[in-house]
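**Student:** Below is work-v2.txt; it holds compact mmCIF, C-alpha atoms and all ligand atoms.
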# COMPACT_ATOMS: atom_id res chain seq x y z
CA MET A 113 -217.97 -69.50 56.45
CA LEU A 114 -218.02 -72.01 53.61
CA THR A 115 -220.73 -74.04 55.32
CA ASP A 116 -222.81 -70.87 55.75
CA PHE A 117 -222.67 -70.19 52.03
CA LEU A 118 -223.48 -73.80 51.32
CA LEU A 119 -226.45 -73.66 53.66
CA LEU A 120 -227.73 -70.51 51.99
CA PHE A 121 -227.25 -72.07 48.60
CA LEU A 122 -229.14 -75.20 49.63
CA LEU A 123 -231.97 -73.18 51.12
CA LEU A 124 -232.28 -71.12 47.96
CA LEU A 125 -232.10 -74.22 45.80
CA ALA A 126 -234.78 -75.90 47.85
CA LEU A 127 -236.88 -72.75 47.75
CA ALA A 128 -236.60 -72.62 43.98
CA THR A 129 -237.49 -76.32 43.66
CA GLY A 130 -240.42 -75.87 46.00
CA TRP A 131 -241.60 -72.79 44.17
CA TRP A 132 -241.40 -74.59 40.85
CA LEU A 133 -243.22 -77.62 42.24
CA GLY A 134 -245.81 -75.31 43.76
CA ARG A 135 -246.38 -73.66 40.39
CA ARG A 136 -246.60 -77.03 38.68
CA ASP A 137 -249.11 -78.27 41.25
CA LYS A 138 -251.05 -75.05 40.97
CA SER A 139 -251.38 -75.38 37.22
CA ARG A 140 -252.48 -78.99 37.65
CA ARG A 141 -254.93 -78.51 40.47
CA GLN A 142 -256.33 -75.21 39.25
CA PRO A 143 -257.20 -73.73 42.67
CA PRO A 144 -260.02 -71.20 42.81
CA PRO A 145 -258.91 -67.76 41.64
CA GLY A 146 -257.57 -65.49 44.39
CA THR A 147 -256.23 -68.30 46.69
CA LEU A 148 -252.63 -69.43 47.03
CA PRO A 149 -251.93 -73.15 47.38
CA ASP A 150 -250.63 -74.10 50.91
CA LEU A 151 -247.24 -75.09 49.58
CA SER A 152 -246.25 -71.79 48.03
CA LYS A 153 -247.79 -69.84 50.92
CA ASP A 154 -245.48 -71.71 53.30
CA TYR A 155 -242.59 -70.94 51.02
CA PHE A 156 -243.23 -67.25 51.12
CA VAL A 157 -243.55 -67.37 54.90
CA GLY A 158 -240.24 -69.27 55.03
CA LEU A 159 -238.58 -66.81 52.72
CA ASN A 160 -239.89 -63.90 54.74
CA TYR A 161 -238.42 -65.39 57.92
CA LEU A 162 -235.11 -65.97 56.19
CA LEU A 163 -234.96 -62.38 54.98
CA ASN A 164 -235.71 -61.25 58.52
CA GLU A 165 -232.81 -63.42 59.76
CA GLN A 166 -234.95 -65.77 61.76
CA PRO A 167 -233.49 -69.04 60.46
CA ASP A 168 -235.18 -71.26 63.09
CA GLU A 169 -238.68 -70.37 61.97
CA ALA A 170 -237.58 -70.29 58.36
CA ILE A 171 -236.29 -73.84 58.53
CA ASP A 172 -239.41 -75.16 60.24
CA THR A 173 -241.67 -73.57 57.65
CA PHE A 174 -239.40 -74.75 54.95
CA VAL A 175 -239.21 -78.38 56.03
CA ARG A 176 -243.01 -78.45 56.45
CA ALA A 177 -243.56 -77.14 52.97
CA LEU A 178 -240.92 -78.84 50.87
CA GLU A 179 -242.45 -81.61 48.88
CA VAL A 180 -240.58 -84.88 49.28
CA ASN A 181 -240.02 -86.70 46.03
CA SER A 182 -237.11 -88.16 44.12
CA ASP A 183 -236.05 -84.63 43.08
CA THR A 184 -235.84 -83.13 46.56
CA ILE A 185 -234.79 -86.06 48.79
CA GLU A 186 -231.08 -85.36 48.25
CA THR A 187 -231.63 -81.72 49.21
CA HIS A 188 -233.35 -82.80 52.43
CA ILE A 189 -230.57 -85.22 53.34
CA ALA A 190 -227.86 -82.67 52.49
CA LEU A 191 -229.62 -79.94 54.45
CA GLY A 192 -229.82 -82.18 57.54
CA ASN A 193 -226.17 -83.22 57.17
CA LEU A 194 -225.15 -79.60 56.89
CA PHE A 195 -226.86 -78.76 60.17
CA ARG A 196 -225.15 -81.71 61.83
CA SER A 197 -221.74 -80.64 60.55
CA ARG A 198 -222.39 -77.17 61.98
CA GLY A 199 -223.06 -78.72 65.39
CA GLU A 200 -226.81 -78.07 65.17
CA SER A 201 -227.84 -81.69 65.66
CA ASP A 202 -231.37 -80.92 66.91
CA ARG A 203 -232.13 -79.21 63.59
CA ALA A 204 -230.54 -82.08 61.68
CA VAL A 205 -232.83 -84.47 63.59
CA ARG A 206 -235.88 -82.37 62.65
CA VAL A 207 -235.03 -82.32 58.95
CA HIS A 208 -234.21 -86.03 58.74
CA GLN A 209 -237.10 -87.12 60.96
CA ASN A 210 -239.53 -85.21 58.75
CA LEU A 211 -238.08 -87.02 55.76
CA PHE A 212 -238.10 -90.41 57.49
CA ALA A 213 -241.82 -90.14 58.23
CA ARG A 214 -242.73 -89.85 54.54
CA PRO A 215 -244.37 -93.02 53.22
CA SER A 216 -243.23 -92.20 49.67
CA LEU A 217 -239.59 -93.23 50.35
CA ASN A 218 -238.47 -96.54 48.90
CA ARG A 219 -236.55 -99.03 51.05
CA GLU A 220 -233.10 -97.89 50.01
CA GLN A 221 -233.91 -94.23 50.57
CA SER A 222 -235.53 -94.97 53.91
CA GLU A 223 -232.41 -96.85 55.10
CA ARG A 224 -230.15 -94.00 54.02
CA VAL A 225 -232.26 -91.51 55.98
CA GLN A 226 -232.31 -93.87 58.98
CA LEU A 227 -228.50 -93.94 58.92
CA GLU A 228 -228.29 -90.14 58.82
CA LEU A 229 -230.77 -89.94 61.69
CA GLY A 230 -228.61 -92.37 63.65
CA LYS A 231 -225.62 -90.06 63.08
CA ASP A 232 -227.69 -87.05 64.21
CA PHE A 233 -228.65 -88.78 67.46
CA MET A 234 -225.03 -89.74 68.07
CA ALA A 235 -223.95 -86.16 67.50
CA ALA A 236 -226.67 -85.01 69.90
CA GLY A 237 -225.44 -87.48 72.55
CA LEU A 238 -228.71 -89.45 72.42
CA LEU A 239 -226.87 -92.76 72.22
CA ASP A 240 -229.74 -95.10 73.09
CA ARG A 241 -231.85 -93.71 70.23
CA ALA A 242 -228.89 -93.91 67.84
CA GLU A 243 -228.24 -97.50 68.95
CA ARG A 244 -231.84 -98.55 68.20
CA LEU A 245 -231.72 -97.12 64.67
CA LEU A 246 -228.25 -98.43 63.80
CA LYS A 247 -228.90 -101.95 65.14
CA GLU A 248 -231.66 -102.35 62.57
CA LEU A 249 -229.21 -101.57 59.76
CA VAL A 250 -226.03 -103.46 60.66
CA ASN A 251 -226.99 -106.74 59.01
CA ASN A 252 -227.65 -105.15 55.61
CA ASN A 253 -225.21 -106.31 53.01
CA SER A 254 -224.70 -102.80 51.66
CA GLU A 255 -222.65 -99.65 52.19
CA VAL A 256 -225.33 -98.47 54.64
CA GLY A 257 -224.90 -101.72 56.59
CA ARG A 258 -221.11 -101.35 56.77
CA THR A 259 -221.25 -97.68 57.78
CA SER A 260 -223.82 -98.56 60.46
CA GLN A 261 -221.50 -101.23 61.85
CA VAL A 262 -218.61 -98.76 62.13
CA LEU A 263 -220.87 -96.22 63.84
CA LEU A 264 -222.37 -98.75 66.23
CA VAL A 265 -218.89 -99.97 67.20
CA ASP A 266 -217.91 -96.36 67.84
CA LEU A 267 -221.02 -95.92 69.98
CA TYR A 268 -220.26 -99.02 72.09
CA GLU A 269 -216.67 -97.86 72.43
CA ARG A 270 -217.87 -94.54 73.87
CA GLU A 271 -220.07 -96.45 76.33
CA LYS A 272 -217.25 -98.89 77.19
CA GLU A 273 -219.46 -101.81 76.11
CA TRP A 274 -216.51 -103.85 74.87
CA GLN A 275 -218.34 -107.14 74.42
CA LYS A 276 -221.08 -105.54 72.34
CA ALA A 277 -218.47 -103.70 70.25
CA MET A 278 -216.73 -107.03 69.53
CA HIS A 279 -219.98 -108.74 68.56
CA THR A 280 -220.93 -105.92 66.20
CA LEU A 281 -217.74 -106.23 64.12
CA SER A 282 -218.16 -108.67 61.24
CA SER A 283 -215.07 -110.53 60.02
CA SER A 284 -215.42 -109.01 56.53
CA LEU A 285 -215.41 -105.48 57.95
CA LEU A 286 -212.36 -106.29 60.11
CA LYS A 287 -210.49 -107.73 57.16
CA GLU A 288 -210.68 -104.51 55.18
CA ASN A 289 -210.04 -102.08 58.04
CA PRO A 290 -206.67 -102.17 59.88
CA ARG A 291 -207.73 -99.34 62.20
CA LEU A 292 -210.66 -101.43 63.43
CA GLN A 293 -208.37 -104.46 63.89
CA LYS A 294 -206.17 -102.40 66.18
CA ALA A 295 -209.20 -101.07 68.09
CA ALA A 296 -210.73 -104.56 68.38
CA ALA A 297 -207.46 -105.88 69.88
CA HIS A 298 -207.82 -103.19 72.56
CA TYR A 299 -211.47 -104.17 73.20
CA ALA A 300 -210.23 -107.71 73.87
CA CYS A 301 -207.55 -106.26 76.19
CA GLU A 302 -210.21 -104.25 78.05
CA LEU A 303 -212.21 -107.45 78.56
CA ALA A 304 -209.06 -109.29 79.66
CA THR A 305 -208.32 -106.55 82.23
CA GLU A 306 -211.82 -106.95 83.70
CA LEU A 307 -211.35 -110.74 83.85
CA LEU A 308 -207.89 -110.43 85.43
CA ALA A 309 -209.36 -108.29 88.21
CA LYS A 310 -211.62 -111.27 89.00
CA ASN A 311 -208.73 -113.77 88.72
CA SER A 312 -210.53 -115.48 85.80
CA PHE A 313 -207.26 -116.54 84.19
CA ALA A 314 -208.50 -118.96 81.52
CA ALA A 315 -211.09 -116.53 80.16
CA ALA A 316 -208.60 -113.63 80.28
CA ARG A 317 -206.01 -115.71 78.41
CA LYS A 318 -208.58 -116.44 75.69
CA GLN A 319 -209.25 -112.73 75.22
CA LEU A 320 -205.52 -111.94 75.04
CA LYS A 321 -204.96 -114.65 72.43
CA GLN A 322 -207.73 -113.05 70.42
CA ALA A 323 -206.15 -109.61 70.82
CA GLN A 324 -202.87 -110.98 69.48
CA ALA A 325 -204.66 -112.66 66.58
CA LEU A 326 -206.35 -109.36 65.71
CA ASP A 327 -203.20 -107.28 65.97
CA ALA A 328 -199.86 -109.04 66.25
CA ALA A 329 -198.22 -105.73 67.20
CA CYS A 330 -200.51 -105.19 70.21
CA ILE A 331 -198.05 -104.38 73.04
CA ARG A 332 -200.84 -104.14 75.57
CA ALA A 333 -201.75 -107.80 74.99
CA THR A 334 -198.12 -108.84 75.69
CA LEU A 335 -198.05 -106.72 78.85
CA LEU A 336 -201.35 -108.14 80.10
CA MET A 337 -200.28 -111.69 79.28
CA ALA A 338 -197.18 -111.11 81.45
CA GLN A 339 -199.37 -109.74 84.23
CA LEU A 340 -201.60 -112.80 83.92
CA GLU A 341 -198.58 -115.12 84.24
CA LEU A 342 -197.32 -113.24 87.26
CA GLN A 343 -200.75 -113.14 88.90
CA SER A 344 -201.20 -116.88 88.40
CA GLY A 345 -197.77 -117.56 89.91
CA SER A 346 -195.59 -118.13 86.80
CA ALA A 347 -193.07 -115.34 87.34
CA LYS A 348 -190.55 -116.92 84.95
CA SER A 349 -193.04 -116.93 82.06
CA ALA A 350 -193.89 -113.33 82.88
CA ILE A 351 -190.21 -112.31 82.63
CA ARG A 352 -189.78 -114.20 79.37
CA LEU A 353 -192.74 -112.36 77.84
CA LEU A 354 -191.65 -108.96 79.12
CA LEU A 355 -188.14 -109.27 77.74
CA ARG A 356 -189.64 -109.76 74.28
CA LEU A 357 -191.52 -106.48 74.55
CA PRO A 358 -188.67 -103.98 73.84
CA GLY A 359 -188.21 -105.71 70.45
CA GLN A 360 -191.90 -105.11 69.71
CA ASP A 361 -191.95 -101.41 70.61
CA SER A 362 -189.26 -99.92 72.85
CA SER A 363 -191.35 -96.87 73.78
CA TYR A 364 -193.36 -99.05 76.16
CA VAL A 365 -190.32 -100.19 78.17
CA PRO A 366 -191.17 -97.79 81.07
CA ALA A 367 -194.70 -99.26 81.18
CA MET A 368 -193.42 -102.82 81.72
CA LEU A 369 -190.86 -102.13 84.45
CA GLN A 370 -193.09 -102.53 87.50
CA THR A 371 -194.31 -105.97 86.37
CA LEU A 372 -190.71 -107.00 85.64
CA VAL A 373 -189.57 -105.89 89.11
CA ASP A 374 -192.52 -107.68 90.77
CA ALA A 375 -191.75 -110.89 88.86
CA TYR A 376 -188.08 -110.95 89.98
CA LEU A 377 -189.04 -110.12 93.55
CA LEU A 378 -191.57 -112.98 93.56
CA LEU A 379 -188.69 -115.26 92.55
CA ASP A 380 -186.53 -113.56 95.21
CA GLN A 381 -183.85 -112.79 92.60
CA PRO A 382 -182.79 -109.15 93.14
CA ARG A 383 -179.31 -109.74 91.66
CA GLU A 384 -180.75 -111.12 88.42
CA LEU A 385 -183.14 -108.16 88.38
CA ALA A 386 -180.19 -105.74 88.67
CA SER A 387 -178.32 -107.35 85.79
CA THR A 388 -181.45 -107.43 83.59
CA LEU A 389 -182.08 -103.74 84.27
CA GLU A 390 -178.44 -102.94 83.58
CA LYS A 391 -178.71 -104.63 80.18
CA LEU A 392 -181.99 -102.86 79.40
CA LEU A 393 -180.46 -99.50 80.30
CA GLN A 394 -177.59 -100.02 77.89
CA GLU A 395 -180.07 -100.34 75.03
CA HIS A 396 -182.86 -98.00 76.12
CA LYS A 397 -182.05 -94.64 77.71
CA TYR A 398 -185.02 -94.26 80.04
CA THR A 399 -184.63 -92.66 83.47
CA SER A 400 -187.18 -95.06 84.95
CA ILE A 401 -184.93 -98.06 84.14
CA LEU A 402 -182.07 -96.27 85.90
CA LEU A 403 -184.20 -95.51 88.94
CA HIS A 404 -185.41 -99.12 89.24
CA LEU A 405 -181.80 -100.27 88.91
CA ALA A 406 -180.58 -97.84 91.58
CA GLU A 407 -183.44 -98.87 93.86
CA THR A 408 -182.53 -102.55 93.42
CA LEU A 409 -178.83 -101.85 94.16
CA ARG A 410 -179.88 -99.88 97.23
CA SER A 411 -181.98 -102.81 98.47
CA LEU A 412 -178.92 -105.06 98.05
CA GLY A 413 -176.89 -102.66 100.19
CA HIS A 414 -174.81 -101.32 97.26
CA HIS A 415 -175.51 -97.71 98.05
CA GLN A 416 -172.28 -96.30 96.62
CA GLU A 417 -172.74 -98.16 93.35
CA ALA A 418 -176.29 -96.80 93.02
CA LEU A 419 -175.03 -93.26 93.60
CA GLU A 420 -172.23 -93.60 91.04
CA LYS A 421 -174.60 -95.03 88.42
CA VAL A 422 -177.19 -92.28 88.81
CA SER A 423 -174.69 -89.41 88.83
CA HIS A 424 -172.80 -90.89 85.85
CA TYR A 425 -176.04 -91.27 83.87
CA MET A 426 -177.23 -87.77 84.80
CA ARG A 427 -174.03 -86.27 83.39
CA HIS A 428 -174.92 -87.78 80.00
CA GLN A 429 -178.70 -87.47 79.96
CA VAL A 430 -180.06 -85.22 82.67
CA SER A 431 -183.69 -85.45 83.78
CA LEU A 432 -185.60 -83.91 86.65
CA LYS A 433 -186.68 -87.31 87.95
CA GLY A 434 -183.05 -88.47 87.97
CA VAL A 435 -181.81 -85.37 89.82
CA ASP A 436 -184.58 -85.79 92.38
CA TYR A 437 -183.49 -89.38 92.98
CA LEU A 438 -179.85 -88.36 93.19
CA ILE A 439 -180.68 -85.91 95.99
CA ASP A 440 -182.45 -88.78 97.76
CA LEU A 441 -179.29 -90.87 97.51
CA TYR A 442 -177.12 -88.04 98.92
CA LEU A 443 -179.64 -87.58 101.72
CA ASP A 444 -179.01 -91.18 102.84
CA GLN A 445 -175.41 -90.26 103.66
CA ALA A 446 -175.85 -86.66 104.82
CA SER A 447 -176.15 -85.28 108.32
CA GLY A 448 -176.75 -81.97 110.11
CA GLY A 449 -176.75 -78.75 108.06
CA GLU A 450 -175.98 -80.54 104.81
CA ARG A 451 -179.09 -82.64 105.29
CA ALA A 452 -181.26 -79.56 105.78
CA HIS A 453 -179.93 -78.05 102.52
CA LEU A 454 -180.61 -81.25 100.63
CA ILE A 455 -184.15 -81.43 101.98
CA THR A 456 -184.78 -77.86 100.78
CA LEU A 457 -183.40 -78.81 97.37
CA ARG A 458 -185.50 -81.96 97.20
CA ASN A 459 -188.66 -80.03 98.09
CA LEU A 460 -187.96 -77.87 95.05
CA THR A 461 -187.52 -80.81 92.67
CA ARG A 462 -190.69 -82.40 94.06
CA GLN A 463 -192.55 -79.16 93.43
CA LEU A 464 -191.30 -79.12 89.84
CA LEU A 465 -192.26 -82.75 89.35
CA GLU A 466 -195.74 -82.40 90.79
CA HIS A 467 -198.50 -82.90 88.21
CA LYS A 468 -195.87 -82.97 85.48
CA PRO A 469 -197.29 -84.91 82.50
CA GLU A 470 -195.25 -88.02 81.74
CA HIS A 471 -197.09 -89.10 78.61
CA GLN A 472 -198.08 -87.49 75.35
CA CYS A 473 -200.33 -88.47 72.47
CA THR A 474 -198.32 -88.81 69.26
CA SER A 475 -201.48 -88.12 67.30
CA CYS A 476 -202.94 -84.95 68.90
CA GLY A 477 -200.40 -83.83 71.52
CA PHE A 478 -202.64 -84.44 74.57
CA GLN A 479 -200.52 -84.75 77.74
CA SER A 480 -201.29 -86.78 80.86
CA VAL A 481 -199.66 -88.04 84.03
CA GLN A 482 -200.87 -91.61 83.58
CA LEU A 483 -200.62 -93.90 80.56
CA TYR A 484 -203.93 -94.15 78.70
CA TRP A 485 -204.33 -96.84 76.05
CA GLN A 486 -206.89 -94.71 74.29
CA CYS A 487 -206.25 -90.99 74.03
CA PRO A 488 -209.08 -89.21 75.93
CA LYS A 489 -208.90 -86.33 73.46
CA CYS A 490 -208.57 -87.76 69.94
CA ARG A 491 -209.69 -91.32 70.90
CA GLU A 492 -206.80 -92.92 69.00
CA TRP A 493 -205.72 -96.32 70.40
CA GLY A 494 -202.09 -96.91 71.41
CA SER A 495 -200.97 -93.38 70.49
CA ILE A 496 -199.88 -92.23 73.97
CA LYS A 497 -196.16 -92.61 74.64
CA PRO A 498 -193.76 -91.53 77.40
CA ILE A 499 -192.31 -88.01 77.15
CA VAL A 500 -188.53 -88.17 76.73
CA GLY A 501 -186.19 -85.38 77.84
CA LEU A 502 -185.38 -83.14 80.80
CA GLU A 503 -188.91 -83.16 82.20
CA GLY A 504 -189.72 -86.77 81.35
CA GLU A 505 -187.82 -90.01 80.87
ZN ZN B 1 -204.68 -87.89 71.03
As structure tokens, what does this structure read like?
Ligand SMILES: [Zn+2]
**Tutor:**
Amino acid sequence: MLTDFLLLFLLLLALATGWWLGRRDKSRRQPPPGTLPDLSKDYFVGLNYLLNEQPDEAIDTFVRALEVNSDTIETHIALGNLFRSRGESDRAVRVHQNLFARPSLNREQSERVQLELGKDFMAAGLLDRAERLLKELVNNNSEVGRTSQVLLVDLYEREKEWQKAMHTLSSSLLKENPRLQKAAAHYACELATELLAKNSFAAARKQLKQAQALDAACIRATLLMAQLELQSGSAKSAIRLLLRLPGQDSSYVPAMLQTLVDAYLLLDQPRELASTLEKLLQEHKYTSILLHLAETLRSLGHHQEALEKVSHYMRHQVSLKGVDYLIDLYLDQASGGERAHLITLRNLTRQLLEHKPEHQCTSCGFQSVQLYWQCPKCREWGSIKPIVGLEGE
């Protein structure tokens, strides 16, 4: 509602300015008696449309008629911005484009309008047009230049053009913006992930070092570095890196478990794996650690021990995933009618677990089954964490 009032106010203000300018021009030009100058005629048409609640036509007439000079340029920019904020980006484009085409703008004004037009195109989803406009502004040593950089980085992020996003960020901009440092570390991690998929270890390592330099707290870089070590055959280095991770941020312990298990299995050390998991479980109460531990004990033939551990843990911190696994363990020993009952029970837990979100964004509350490094809803980096409790970890 507030924006509607503001829009009306701006329109009326612009109308008044236009009317006054029209009068001034009229007195200067002295048109022949009985004729209205074009400007004020357009204003009356615009006003008539507005009164008849036809804002589309009103705005077109309005924009055509409003004289652009140092007195009205701010009104034009504000009017366009208002349309954009209301989600009417096509109208914002029309207002700003009309302004941008005027030869009377000085360089500073022209760059400001170009920036607003870039924002309009972004809001309209016309990313290639926004990119063209913003690229021309990023090297300016001004507020417009810095804002354009931030917008262009955002644009490349949306398009998953990680390399371009990295190249756009200047070191001075990074220095003053911790949020961008965090995002840039993730861009480097995205590039490292692509390189790892191609087994380009040296290039991937370089990206991960850069990620760590940008954001020393970047858990993802540590995780990927461990994956790199494992993939290139250094399982011991991978384990060393992973065991440092809980000290960095314990909420990502569930995310590192599979790599940890794979590393110990590559070394053929299931007993060491079991004792590492046991230690981890004492410090971090996550069901997934328990389940990996039970699975390892099972593989070593210690079925009874696995069963005791899971049922003991479930008595203290029950979770659906744990109960489901416990039924599995009982099934191993059951026979006949008992087995049939357990299978019925397990089908029920599986039904409850199906499509159950395991992660949640700490910033906007978005829930997902898989772990996203960037929240698909609020686009925050590193904000998605495992859900803890009965239905989660
Ligand atoms: Zn979110």
**Student:** Can you tell me, as a list in words, what residues are no more than 12 Å from Gln324 (chain A) when counting all atoms listed in the file, ignoring any on the same chain fewer than 3 positions away?
**Tutor:**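 Skipping anything fewer than 3 positions along the chain leaves Gln293, Lys294, Ala295, Ala296, Ala297, His298, Tyr299, Ala300, Cys301, Arg317, Lys318, Gln319, Leu320, Lys321, Asp327, Ala328, Ala329, Cys330, Ile331, Arg332, Ala333, Thr334, Leu335, Leu336 and Met337 of chain A.
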**Student:** Show me which residues sit within 9 Å of ligand ZN 1 (chain B) when counting all atoms listed in the file, and put them as a ChimeraX atom specification.
**Tutor:** /A:472-479,486-493,495-496
**Student:** For Pro469 (chain A), which residue among A:Gly504, A:Leu457, A:Gly494, A:Thr388 is the nearest when counting all atoms listed in the file?
**Tutor:**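 Once distances to Pro469 (chain A) are computed over all atoms listed in the file, the minimum belongs to A:Gly504.
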**Student:** List as number ranges by chain the protein and nucleic acid residues near Gln416 (chain A), meaning an atom at most 10 Å away when all atoms listed in the file are counted, but skip any in the same chain fewer than 2 places from it.
**Tutor:** A: 406, 409-410, 413-414, 418-421, 441-442, 445
**Student:** Please define a box with edges along x, y and z of the file around all atoms of region 234-247 of chain A given in the file, extend it by 8 Å on each side, and return its centre and edge lengths in Å to one decimal, as AutoDock Vina command-line options.
**Tutor:**
--center_x -227.9 --center_y -93.5 --center_z 68.4 --size_x 23.9 --size_y 32.9 --size_z 25.3
**Student:** For a test of reading the model, state the distance in Å between CA of Lys397 (chain A) and CA of Glu505 (chain A), rounded to one decimal.
**Tutor:**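 That distance, rounded to one decimal, is 8.0 Å.
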**Student:** Would you pick out the contacts of Ser283 (chain A) at 12 Å or less, using all atoms listed in the file, so that residues sharing its chain but fewer than 2 positions from it are not included, and give the list as a ChimeraX atom specification?
**Tutor:** /A:258,261,278-281,285-290,292-293,296,326
